[in-house]
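Q: As input, take coords-v9.cif (mmCIF, C-alpha atoms):
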data_input
#
loop_
_atom_site.group_PDB
_atom_site.id
_atom_site.type_symbol
_atom_site.label_atom_id
_atom_site.label_comp_id
_atom_site.auth_asym_id
_atom_site.auth_seq_id
_atom_site.Cartn_x
_atom_site.Cartn_y
_atom_site.Cartn_z
ATOM 1 C CA MET A 116 13.746 -4.914 1.240
ATOM 2 C CA HIS A 117 12.798 -2.129 3.650
ATOM 3 C CA LEU A 118 10.326 -2.601 6.520
ATOM 4 C CA ARG A 119 8.474 0.278 8.158
ATOM 5 C CA THR A 120 6.342 0.282 11.295
ATOM 6 C CA ARG A 121 6.055 2.161 14.563
ATOM 7 C CA GLY A 122 6.662 1.416 18.226
ATOM 8 C CA THR A 123 4.371 1.453 21.216
ATOM 9 C CA PRO A 124 5.429 4.720 22.966
ATOM 10 C CA ARG A 125 4.082 7.982 21.574
ATOM 11 C CA GLY A 126 7.518 9.177 20.474
ATOM 12 C CA LEU A 127 8.347 6.093 18.388
ATOM 13 C CA ASP A 128 6.513 7.120 15.217
ATOM 14 C CA TYR A 129 6.588 5.274 11.894
ATOM 15 C CA ALA A 130 10.077 4.691 10.539
ATOM 16 C CA PHE A 131 12.078 2.002 8.749
ATOM 17 C CA ILE A 132 13.426 -0.425 11.283
ATOM 18 C CA ASN A 133 16.091 -2.097 9.137
ATOM 19 C CA THR A 134 17.214 0.167 6.266
ATOM 20 C CA ALA A 135 15.447 3.071 4.577
ATOM 21 C CA PRO A 136 15.004 3.564 0.818
ATOM 22 C CA SER A 137 16.781 6.564 -0.679
ATOM 23 C CA THR A 138 13.541 8.441 -1.483
ATOM 24 C CA ARG A 139 9.858 8.409 -0.581
ATOM 25 C CA TRP A 140 8.832 7.837 -4.217
ATOM 26 C CA TRP A 141 5.384 6.582 -3.191
ATOM 27 C CA ASP A 142 4.389 10.062 -1.962
ATOM 28 C CA ALA A 143 3.664 10.897 -5.616
ATOM 29 C CA TYR A 144 0.627 8.576 -5.335
ATOM 30 C CA SER A 145 -0.986 10.178 -2.283
ATOM 31 C CA ASP A 146 -4.085 11.099 -4.324
ATOM 32 C CA TRP A 147 -4.753 7.412 -4.926
ATOM 33 C CA ILE A 148 -3.627 5.608 -1.773
ATOM 34 C CA ALA A 149 -3.734 5.970 1.982
ATOM 35 C CA THR A 150 -0.814 3.926 3.288
ATOM 36 C CA GLU A 151 -2.729 3.220 6.495
ATOM 37 C CA ARG A 152 -5.012 0.914 4.474
ATOM 38 C CA PRO A 153 -3.948 -2.111 2.401
ATOM 39 C CA CYS A 154 -2.484 -1.016 -0.945
ATOM 40 C CA LEU A 155 0.219 -1.933 -3.446
ATOM 41 C CA LEU A 156 2.257 0.091 -5.929
ATOM 42 C CA ALA A 157 4.482 -1.439 -8.609
ATOM 43 C CA VAL A 158 6.453 0.841 -10.926
ATOM 44 C CA ALA A 159 8.715 -0.341 -13.756
ATOM 45 C CA GLU A 160 9.186 2.463 -16.268
ATOM 46 C CA ASP A 161 11.539 3.300 -19.103
ATOM 47 C CA GLY A 162 14.398 5.474 -17.907
ATOM 48 C CA GLN A 163 14.466 3.924 -14.442
ATOM 49 C CA GLU A 164 17.308 1.703 -13.332
ATOM 50 C CA HIS A 165 15.140 -0.734 -11.399
ATOM 51 C CA TRP A 166 11.573 -1.613 -10.483
ATOM 52 C CA ARG A 167 9.988 -0.395 -7.265
ATOM 53 C CA VAL A 168 7.237 -1.995 -5.222
ATOM 54 C CA LEU A 169 5.407 -0.842 -2.102
ATOM 55 C CA LEU A 170 2.980 -2.875 -0.005
ATOM 56 C CA SER A 171 1.397 -0.992 2.859
ATOM 57 C CA GLY A 172 -1.433 -1.062 5.344
ATOM 58 C CA ILE A 173 -0.675 -4.609 6.514
ATOM 59 C CA PRO A 174 -2.275 -4.623 9.983
ATOM 60 C CA SER A 175 -0.506 -5.712 13.133
ATOM 61 C CA THR A 176 -2.007 -6.989 16.368
ATOM 62 C CA ARG A 177 0.193 -4.458 18.166
ATOM 63 C CA THR A 178 -1.252 -1.101 19.210
ATOM 64 C CA ASP A 179 0.437 2.169 20.100
ATOM 65 C CA SER A 180 0.146 3.923 23.458
ATOM 66 C CA GLY A 181 -3.138 5.501 22.334
ATOM 67 C CA GLY A 182 -4.699 2.132 21.514
ATOM 68 C CA ARG A 183 -4.516 2.625 17.732
ATOM 69 C CA LEU A 184 -3.682 -0.349 15.553
ATOM 70 C CA ILE A 185 -0.198 -0.374 14.044
ATOM 71 C CA TYR A 186 0.459 -1.302 10.427
ATOM 72 C CA TYR A 187 3.444 -2.364 8.316
ATOM 73 C CA THR A 188 4.885 -1.063 5.057
ATOM 74 C CA LEU A 189 7.267 -3.031 2.837
ATOM 75 C CA VAL A 190 9.318 -1.305 0.120
ATOM 76 C CA LEU A 191 11.225 -3.473 -2.372
ATOM 77 C CA GLU A 192 13.551 -2.566 -5.243
ATOM 78 C CA GLY A 193 15.247 -4.757 -7.807
ATOM 79 C CA ALA A 194 16.830 -4.980 -11.256
ATOM 80 C CA TYR A 195 14.614 -5.591 -14.288
ATOM 81 C CA ASP A 196 16.483 -8.823 -15.004
ATOM 82 C CA THR A 197 15.787 -9.857 -11.438
ATOM 83 C CA THR A 198 16.329 -13.470 -10.470
ATOM 84 C CA GLU A 199 13.363 -15.809 -10.333
ATOM 85 C CA GLU A 200 13.773 -15.921 -6.559
ATOM 86 C CA ASN A 201 13.328 -12.158 -6.216
ATOM 87 C CA GLU A 202 10.366 -12.152 -8.583
ATOM 88 C CA ALA A 203 8.787 -14.968 -6.560
ATOM 89 C CA VAL A 204 9.219 -12.998 -3.319
ATOM 90 C CA VAL A 205 7.233 -10.040 -4.655
ATOM 91 C CA LEU A 206 4.581 -12.238 -6.271
ATOM 92 C CA SER A 207 4.196 -14.157 -3.005
ATOM 93 C CA LEU A 208 3.689 -10.942 -1.062
ATOM 94 C CA ALA A 209 1.186 -9.587 -3.587
ATOM 95 C CA SER A 210 -0.793 -12.818 -3.853
ATOM 96 C CA HIS A 211 -0.988 -13.188 -0.072
ATOM 97 C CA LEU A 212 -2.043 -9.559 0.346
ATOM 98 C CA LEU A 213 -4.953 -10.185 -2.035
ATOM 99 C CA ALA A 214 -5.833 -13.429 -0.267
ATOM 100 C CA ASP A 215 -5.741 -11.768 3.162
ATOM 101 C CA LEU A 216 -8.074 -9.018 1.915
ATOM 102 C CA ALA A 217 -10.452 -11.608 0.477
ATOM 103 C CA ALA A 218 -10.630 -13.299 3.874
ATOM 104 C CA ASP A 219 -10.776 -10.145 6.021
ATOM 105 C CA GLU A 220 -11.663 -6.619 4.887
ATOM 106 C CA GLN A 221 -8.953 -5.187 7.150
ATOM 107 C CA GLY A 222 -6.365 -7.413 5.487
ATOM 108 C CA ARG A 223 -5.460 -9.301 8.635
ATOM 109 C CA GLY A 224 -4.110 -12.695 7.688
ATOM 110 C CA GLU A 225 -0.933 -14.600 6.900
ATOM 111 C CA LEU A 226 1.215 -11.537 6.187
ATOM 112 C CA SER A 227 0.129 -9.946 9.466
ATOM 113 C CA GLY A 228 1.072 -13.073 11.367
ATOM 114 C CA LEU A 229 4.418 -13.373 9.604
ATOM 115 C CA LEU A 230 5.431 -9.759 10.292
ATOM 116 C CA ASP A 231 4.144 -9.790 13.872
ATOM 117 C CA GLY A 232 6.237 -12.886 14.485
ATOM 118 C CA LEU A 233 9.329 -11.034 13.282
ATOM 119 C CA CYS A 234 8.482 -7.746 15.005
ATOM 120 C CA PRO A 235 7.409 -8.156 18.650
ATOM 121 C CA ALA A 236 7.061 -4.900 20.581
ATOM 122 C CA GLU A 237 10.119 -5.626 22.706
ATOM 123 C CA GLY A 238 12.176 -5.993 19.537
ATOM 124 C CA VAL A 239 10.783 -3.059 17.552
ATOM 125 C CA ASP A 240 10.926 -0.359 20.208
ATOM 126 C CA PRO A 241 14.734 -0.442 20.766
ATOM 127 C CA LEU A 242 15.434 -0.409 17.009
ATOM 128 C CA LEU A 243 13.326 2.731 16.581
ATOM 129 C CA ALA A 244 14.526 4.443 19.737
ATOM 130 C CA ALA A 245 18.264 4.033 19.054
ATOM 131 C CA PRO A 246 18.855 2.698 15.525
ATOM 132 C CA ALA A 247 22.563 3.563 15.505
ATOM 133 C CA GLU A 248 23.122 1.356 18.538
ATOM 134 C CA HIS A 249 21.465 -1.667 16.933
ATOM 135 C CA THR A 250 23.066 -1.904 13.497
ATOM 136 C CA ALA A 251 23.707 -5.640 13.811
ATOM 137 C CA ALA A 252 20.164 -6.297 15.050
ATOM 138 C CA ARG A 253 18.705 -4.363 12.120
ATOM 139 C CA ALA A 254 20.768 -6.369 9.638
ATOM 140 C CA ALA A 255 19.712 -9.593 11.339
ATOM 141 C CA LEU A 256 16.065 -8.516 11.054
ATOM 142 C CA THR A 257 16.499 -8.061 7.301
ATOM 143 C CA ASP A 258 17.939 -11.571 7.021
ATOM 144 C CA ARG A 259 15.052 -13.086 9.000
ATOM 145 C CA LEU A 260 12.551 -11.109 6.958
ATOM 146 C CA LEU A 261 13.981 -12.315 3.641
ATOM 147 C CA THR A 262 14.115 -15.903 4.872
ATOM 148 C CA ALA A 263 10.513 -15.860 6.099
ATOM 149 C CA ILE A 264 9.079 -14.236 2.977
ATOM 150 C CA THR A 265 11.127 -16.403 0.620
ATOM 151 C CA ALA A 266 9.524 -19.424 2.275
ATOM 152 C CA LEU A 267 6.046 -18.197 1.264
ATOM 153 C CA GLU A 268 4.519 -19.977 -1.695
ATOM 154 C CA PRO A 269 2.685 -17.724 -4.181
ATOM 155 C CA ILE A 270 -1.066 -18.242 -4.234
ATOM 156 C CA ARG A 271 -2.368 -19.187 -7.668
ATOM 157 C CA TYR A 272 -5.468 -17.513 -9.097
ATOM 158 C CA GLU A 273 -7.510 -18.831 -12.002
ATOM 159 C CA THR A 274 -8.107 -16.789 -15.134
ATOM 160 C CA PRO A 275 -11.646 -17.261 -16.490
ATOM 161 C CA SER A 276 -12.272 -17.093 -20.209
ATOM 162 C CA GLY A 277 -13.411 -13.801 -21.669
ATOM 163 C CA HIS A 278 -11.674 -11.467 -19.225
ATOM 164 C CA THR A 279 -9.961 -8.318 -20.546
ATOM 165 C CA GLY A 280 -6.950 -8.272 -18.230
ATOM 166 C CA ASN A 281 -4.573 -8.592 -21.181
ATOM 167 C CA ALA A 282 -5.456 -5.077 -22.391
ATOM 168 C CA ASP A 283 -2.711 -2.462 -22.181
ATOM 169 C CA ARG A 284 -4.675 -0.347 -19.704
ATOM 170 C CA TRP A 285 -7.447 -1.579 -17.435
ATOM 171 C CA ILE A 286 -9.118 -1.176 -14.061
ATOM 172 C CA ALA A 287 -11.147 -3.713 -12.072
ATOM 173 C CA GLY A 288 -12.219 -4.508 -8.543
ATOM 174 C CA ARG A 289 -9.846 -6.880 -6.797
ATOM 175 C CA THR A 290 -12.592 -9.551 -6.452
ATOM 176 C CA ALA A 291 -13.812 -9.312 -10.077
ATOM 177 C CA PRO A 292 -13.481 -12.681 -11.863
ATOM 178 C CA GLY A 293 -9.955 -12.971 -13.231
ATOM 179 C CA ALA A 294 -8.778 -9.651 -11.780
ATOM 180 C CA ALA A 295 -6.287 -11.064 -9.289
ATOM 181 C CA ALA A 296 -4.776 -13.445 -11.863
ATOM 182 C CA ALA A 297 -4.481 -10.698 -14.497
ATOM 183 C CA PHE A 298 -2.907 -8.344 -11.967
ATOM 184 C CA LEU A 299 -0.282 -10.859 -10.863
ATOM 185 C CA THR A 300 0.508 -11.727 -14.485
ATOM 186 C CA ARG A 301 1.134 -8.038 -15.224
ATOM 187 C CA LEU A 302 3.198 -7.681 -12.053
ATOM 188 C CA SER A 303 5.361 -10.652 -13.057
ATOM 189 C CA ALA A 304 5.968 -9.140 -16.503
ATOM 190 C CA LEU A 305 7.089 -5.858 -14.922
ATOM 191 C CA LEU A 306 9.454 -7.537 -12.502
ATOM 192 C CA CYS A 307 11.226 -9.743 -15.039
ATOM 193 C CA GLY A 308 11.612 -6.937 -17.588
ATOM 194 C CA LYS A 309 9.207 -8.240 -20.249
ATOM 195 C CA GLU A 310 7.099 -5.080 -19.977
ATOM 196 C CA ARG A 311 7.321 -1.517 -18.719
ATOM 197 C CA GLY A 312 4.462 0.148 -16.917
ATOM 198 C CA GLN A 313 2.682 0.262 -13.591
ATOM 199 C CA ALA A 314 0.402 -2.063 -11.610
ATOM 200 C CA HIS A 315 -1.398 -0.877 -8.480
ATOM 201 C CA LEU A 316 -3.892 -1.874 -5.816
ATOM 202 C CA LEU A 317 -5.442 1.479 -4.890
ATOM 203 C CA ASN A 318 -7.677 2.253 -1.905
ATOM 204 C CA LEU A 319 -8.797 5.825 -2.707
ATOM 205 C CA VAL A 320 -10.254 4.946 -6.124
ATOM 206 C CA SER A 321 -13.853 4.149 -7.022
ATOM 207 C CA GLU A 322 -14.030 4.446 -10.840
ATOM 208 C CA ALA A 323 -11.975 4.764 -14.001
ATOM 209 C CA GLU A 324 -12.161 8.567 -13.919
ATOM 210 C CA ASP A 325 -10.157 8.548 -10.689
ATOM 211 C CA VAL A 326 -7.054 7.258 -12.497
ATOM 212 C CA VAL A 327 -7.452 9.166 -15.739
ATOM 213 C CA ASP A 328 -4.198 11.097 -15.253
ATOM 214 C CA LEU A 329 -2.278 8.574 -13.189
ATOM 215 C CA PHE A 330 0.067 7.164 -15.855
ATOM 216 C CA PRO A 331 -0.029 7.166 -19.676
ATOM 217 C CA GLY A 332 1.641 3.809 -20.380
ATOM 218 C CA ARG A 333 0.657 0.214 -19.668
ATOM 219 C CA LEU A 334 -1.391 0.339 -16.499
ATOM 220 C CA ALA A 335 -3.251 -2.265 -14.430
ATOM 221 C CA VAL A 336 -5.333 -1.052 -11.478
ATOM 222 C CA LEU A 337 -7.152 -3.062 -8.850
ATOM 223 C CA VAL A 338 -9.729 -1.247 -6.730
ATOM 224 C CA GLU A 339 -9.208 -2.266 -3.105
ATOM 225 C CA GLY A 340 -12.737 -1.431 -1.966
ATOM 226 C CA GLY A 341 -12.091 -0.936 1.736
ATOM 227 C CA GLN A 342 -13.001 2.757 1.779
ATOM 228 C CA VAL A 343 -14.577 4.201 -1.352
ATOM 229 C CA GLY A 344 -14.467 1.624 -4.146
ATOM 230 C CA ASP A 345 -16.303 -1.507 -5.215
ATOM 231 C CA PRO A 346 -14.014 -4.546 -4.924
ATOM 232 C CA ALA A 347 -16.235 -6.417 -7.411
ATOM 233 C CA MET A 348 -16.190 -3.685 -10.090
ATOM 234 C CA PRO A 349 -16.075 -5.362 -13.547
ATOM 235 C CA PHE A 350 -13.103 -4.981 -15.877
ATOM 236 C CA GLU A 351 -13.017 -1.694 -17.755
ATOM 237 C CA ARG A 352 -10.497 -0.629 -20.376
ATOM 238 C CA LEU A 353 -8.762 2.667 -19.683
ATOM 239 C CA GLN A 354 -8.339 5.188 -22.461
ATOM 240 C CA ALA A 355 -4.877 5.980 -23.815
ATOM 241 C CA LEU A 356 -3.457 9.233 -22.490
ATOM 242 C CA GLY A 357 -1.099 11.983 -23.521
ATOM 243 C CA PRO A 358 1.887 13.044 -21.418
ATOM 244 C CA PRO A 359 1.376 12.432 -17.679
ATOM 245 C CA ARG A 360 0.892 15.247 -15.221
ATOM 246 C CA PRO A 361 4.051 16.080 -13.235
ATOM 247 C CA LEU A 362 4.351 13.973 -10.095
ATOM 248 C CA VAL A 363 5.518 15.481 -6.839
ATOM 249 C CA ALA A 364 9.247 15.423 -6.302
ATOM 250 C CA ALA A 365 10.470 12.388 -4.409
ATOM 251 C CA ALA A 366 11.242 13.393 -0.856
ATOM 252 C CA PRO A 367 13.917 11.858 1.360
ATOM 253 C CA ALA A 368 12.695 8.834 3.272
ATOM 254 C CA GLY A 369 11.620 10.360 6.583
ATOM 255 C CA PRO A 370 8.458 10.489 8.708
ATOM 256 C CA HIS A 371 5.285 9.953 6.703
ATOM 257 C CA PRO A 372 3.567 13.253 5.835
ATOM 258 C CA LYS A 373 -0.019 12.159 6.449
ATOM 259 C CA ALA A 374 -2.780 14.046 4.735
ATOM 260 C CA TRP A 375 -4.411 16.216 7.412
ATOM 261 C CA TRP A 376 -7.909 14.884 6.839
ATOM 262 C CA ARG A 377 -6.734 11.284 7.396
ATOM 263 C CA THR A 378 -5.110 11.892 10.796
ATOM 264 C CA PRO A 379 -6.915 10.715 13.955
ATOM 265 C CA MET A 380 -6.787 14.263 15.379
ATOM 266 C CA ALA A 381 -8.459 15.705 12.287
ATOM 267 C CA GLN A 382 -11.176 13.053 12.325
ATOM 268 C CA ALA A 383 -11.827 13.658 16.026
ATOM 269 C CA SER A 384 -11.997 17.423 15.445
ATOM 270 C CA VAL A 385 -14.534 17.024 12.645
ATOM 271 C CA ALA A 386 -16.643 14.695 14.777
ATOM 272 C CA ALA A 387 -16.583 17.157 17.687
ATOM 273 C CA LEU A 388 -17.570 20.043 15.393
ATOM 274 C CA LEU A 389 -20.507 18.088 13.998
ATOM 275 C CA LEU A 390 -21.629 17.210 17.512
ATOM 276 C CA LEU A 391 -21.514 20.883 18.549
ATOM 277 C CA LEU A 392 -23.534 21.874 15.500
ATOM 278 C CA VAL A 393 -26.173 19.255 16.266
ATOM 279 C CA LEU A 394 -26.311 20.337 19.908
ATOM 280 C CA ALA A 395 -26.644 24.009 18.894
ATOM 281 C CA GLY A 396 -29.468 23.082 16.543
ATOM 282 C CA VAL A 397 -31.308 21.184 19.243
ATOM 283 C CA LEU A 398 -30.960 24.076 21.716
ATOM 284 C CA TRP A 399 -32.155 26.595 19.104
ATOM 285 C CA ILE A 400 -35.194 24.462 18.243
ATOM 286 C CA SER A 401 -35.982 24.027 21.945
ATOM 287 C CA GLY A 402 -35.783 27.809 22.427
ATOM 288 C CA VAL A 403 -38.130 28.461 19.504
ATOM 289 C CA ILE A 404 -40.672 25.911 20.723
ATOM 290 C CA SER A 405 -40.598 27.191 24.307
#
What do you get writing this file as structure tokens?
A:
Amino acid sequence: MHLRTRGTPRGLDYAFINTAPSTRWWDAYSDWIATERPCLLAVAEDGQEHWRVLLSGIPSTRTDSGGRLIYYTLVLEGAYDTTEENEAVVLSLASHLLADLAADEQGRGELSGLLDGLCPAEGVDPLLAAPAEHTAARAALTDRLLTAITALEPIRYETPSGHTGNADRWIAGRTAPGAAAAFLTRLSALLCGKERGQAHLLNLVSEAEDVVDLFPGRLAVLVEGGQVGDPAMPFERLQALGPPRPLVAAAPAGPHPKAWWRTPMAQASVAALLLLLVLAGVLWISGVIS
């Protein structure tokens, strides 16, 4: 289990504060997720040695030196014949992420409180500033993290009659009747090795066409709804596909390469440009009238 967050000072950018995964495999999904917002990726495919899961966008109460909210990312990896305990850990995290989103559109809830309790600013900043000097502290953090998350009980979701979540390929809003239960059932099957495929909670998706070339095998997609999608979108079967498009090569696990248009600087620049255009228009109209 790998935990990523950032520190308070400007120089302590996002990094893994215990151990880092060998690759940034989730970068291949940048067209479908913004890791700054709540999302989940679960990948268990033929030809891979183990399953991979990412949960990201879990908000903290901490802020950086610029006053921006800090978030957490969890990356987990395990064998397909994983123990029931490991399967339960991932299912607990996923079920609580969905519950936190149902209670608060920013996803602030039990997971936020748990991670904030493990990661106070005075503990995070030294680990990011000088990781080599705090090897024992980083290992101890992993132990505390596993203990705390293992103690979580998975949240149960009811499956109403007539839902289509047992189809090979489907998409639905995360609050659609039966969607959460169907998603967690698929996730459990991937973790224990009963099935191969992918299951995702995506936050840059609004309709089935958005995932048409995501993955050709068994696929379950929940629409997060916090930015562009409808969290109550009804179940829809996805068409079978041919070979998938090539994904980007997995990069080493380093600083997160944010898409330019999602960075605070880019958003501020666009806002300033729009304001200048409006001001120029007002001045031009005033000149014409006068």
Q: What's around Gly182 (chain A) at 12 Å? Count only C-alpha atoms, leave out sequence neighbours fewer than 6 positions away in its own chain, and write the answer as a PyMOL selection string.
A: chain A and resi 122-125+176+379
Q: Can you spell out as an mmCIF file with C-alpha atoms, in the coordinates of the input the set of residues that the PyMOL selection byres ((chain A and resi 340) around 10) selects in the structure I just provided?
A:
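This is the output file result-v8.cif:
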data_model
loop_
_atom_site.group_PDB
_atom_site.id
_atom_site.type_symbol
_atom_site.label_atom_id
_atom_site.label_comp_id
_atom_site.auth_asym_id
_atom_site.auth_seq_id
_atom_site.Cartn_x
_atom_site.Cartn_y
_atom_site.Cartn_z
ATOM 1 C CA PRO A 153 -3.948 -2.111 2.401
ATOM 2 C CA LEU A 216 -8.074 -9.018 1.915
ATOM 3 C CA GLU A 220 -11.663 -6.619 4.887
ATOM 4 C CA GLY A 288 -12.219 -4.508 -8.543
ATOM 5 C CA ARG A 289 -9.846 -6.880 -6.797
ATOM 6 C CA THR A 290 -12.592 -9.551 -6.452
ATOM 7 C CA LEU A 316 -3.892 -1.874 -5.816
ATOM 8 C CA LEU A 317 -5.442 1.479 -4.890
ATOM 9 C CA ASN A 318 -7.677 2.253 -1.905
ATOM 10 C CA LEU A 319 -8.797 5.825 -2.707
ATOM 11 C CA VAL A 320 -10.254 4.946 -6.124
ATOM 12 C CA SER A 321 -13.853 4.149 -7.022
ATOM 13 C CA LEU A 337 -7.152 -3.062 -8.850
ATOM 14 C CA VAL A 338 -9.729 -1.247 -6.730
ATOM 15 C CA GLU A 339 -9.208 -2.266 -3.105
ATOM 16 C CA GLY A 341 -12.091 -0.936 1.736
ATOM 17 C CA GLN A 342 -13.001 2.757 1.779
ATOM 18 C CA VAL A 343 -14.577 4.201 -1.352
ATOM 19 C CA GLY A 344 -14.467 1.624 -4.146
ATOM 20 C CA ASP A 345 -16.303 -1.507 -5.215
ATOM 21 C CA PRO A 346 -14.014 -4.546 -4.924
ATOM 22 C CA ALA A 347 -16.235 -6.417 -7.411
ATOM 23 C CA MET A 348 -16.190 -3.685 -10.090
#
Q: Kindly give the distance, in Å, that separates CA of Cys154 (chain A) and CA of Arg311 (chain A), rounded to a single decimal.
A: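 One can read the CA of Cys154 (chain A) to CA of Arg311 (chain A) distance as 20.3 Å.
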Q: Report as a PyMOL selection string the full result of the PyMOL selection byres ((chain A and resi 301-305) around 12) when it is applied to this structure.
A: chain A and resi 155-161+165-168+193-210+269+280-285+294-300+306-316+333-337
Q: On this structure, which residues satisfy the PyMOL selection byres ((chain A and resi 179) around 12), written as an mmCIF file with C-alpha atoms, in the frame of the given file?
A:
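Printed below is selection03.cif as written:
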data_model
loop_
_atom_site.group_PDB
_atom_site.id
_atom_site.type_symbol
_atom_site.label_atom_id
_atom_site.label_comp_id
_atom_site.auth_asym_id
_atom_site.auth_seq_id
_atom_site.Cartn_x
_atom_site.Cartn_y
_atom_site.Cartn_z
ATOM 1 C CA THR A 120 6.342 0.282 11.295
ATOM 2 C CA ARG A 121 6.055 2.161 14.563
ATOM 3 C CA GLY A 122 6.662 1.416 18.226
ATOM 4 C CA THR A 123 4.371 1.453 21.216
ATOM 5 C CA PRO A 124 5.429 4.720 22.966
ATOM 6 C CA ARG A 125 4.082 7.982 21.574
ATOM 7 C CA GLY A 126 7.518 9.177 20.474
ATOM 8 C CA LEU A 127 8.347 6.093 18.388
ATOM 9 C CA ASP A 128 6.513 7.120 15.217
ATOM 10 C CA TYR A 129 6.588 5.274 11.894
ATOM 11 C CA SER A 175 -0.506 -5.712 13.133
ATOM 12 C CA THR A 176 -2.007 -6.989 16.368
ATOM 13 C CA ARG A 177 0.193 -4.458 18.166
ATOM 14 C CA THR A 178 -1.252 -1.101 19.210
ATOM 15 C CA SER A 180 0.146 3.923 23.458
ATOM 16 C CA GLY A 181 -3.138 5.501 22.334
ATOM 17 C CA GLY A 182 -4.699 2.132 21.514
ATOM 18 C CA ARG A 183 -4.516 2.625 17.732
ATOM 19 C CA LEU A 184 -3.682 -0.349 15.553
ATOM 20 C CA ILE A 185 -0.198 -0.374 14.044
ATOM 21 C CA TYR A 186 0.459 -1.302 10.427
ATOM 22 C CA ALA A 236 7.061 -4.900 20.581
ATOM 23 C CA VAL A 239 10.783 -3.059 17.552
ATOM 24 C CA ASP A 240 10.926 -0.359 20.208
#
Q: With distances taken over only C-alpha atoms, which residue among A:Ala244, A:Ile400, A:Ala218, A:Leu118 lies nearest Leu170 (chain A)?
A: A:Leu118
Q: Taking every listed atom of region 117-125 of chain A and adding 5 Å to each side, what centre and edge lengths in Å (one decimal) does the axis-aligned box have, as lines of an AutoDock Vina configuration file?
A:
center_x = 8.4
center_y = 2.7
center_z = 13.3
size_x = 18.7
size_y = 20.6
size_z = 29.3
Q: Find the residue from A:Ala387, A:Leu329, A:Leu394, A:Leu353 that sits nearest to Ala143 (chain A); use only C-alpha atoms when measuring.
A: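 Looking only at the distances to Ala143 (chain A), the closest residue turns out to be A:Leu329.
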Q: Could you check how far CA of Leu233 (chain A) sits from CA of Ala255 (chain A), in Å to one decimal?
A: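 Taking CA of Leu233 (chain A) as the start and CA of Ala255 (chain A) as the end point, the length is 10.7 Å.
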Q: Would you mind telling me which residue in A:His211, A:Arg271, A:Arg139, A:Arg223 lies nearest to Gly172 (chain A) when using only C-alpha atoms?
A: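 Going through A:His211, A:Arg271, A:Arg139, A:Arg223 one by one, the smallest distance to Gly172 (chain A) is for A:Arg223.
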Q: If I take CA of Ile286 (chain A) and CA of Trp147 (chain A), how far is one from the other in Å, to one decimal?
A: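 The value is 13.3 Å.
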Q: Which residue out of A:Ile132, A:Ala355, A:Ala252, A:Ala245 has the minimum interatomic distance to Asp328 (chain A) when all atoms listed in the file are used?
A: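 For Asp328 (chain A), the nearest of the given residues is A:Ala355.
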Q: Compare A:Phe131, A:Tyr144, A:Asp258, A:Gly222 by their minimum atom-to-atom distance to Phe330 (chain A), counting all atoms listed in the file, and give me the closest one.
A: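 With all atoms listed in the file as the atom set, the closest residue is A:Tyr144.
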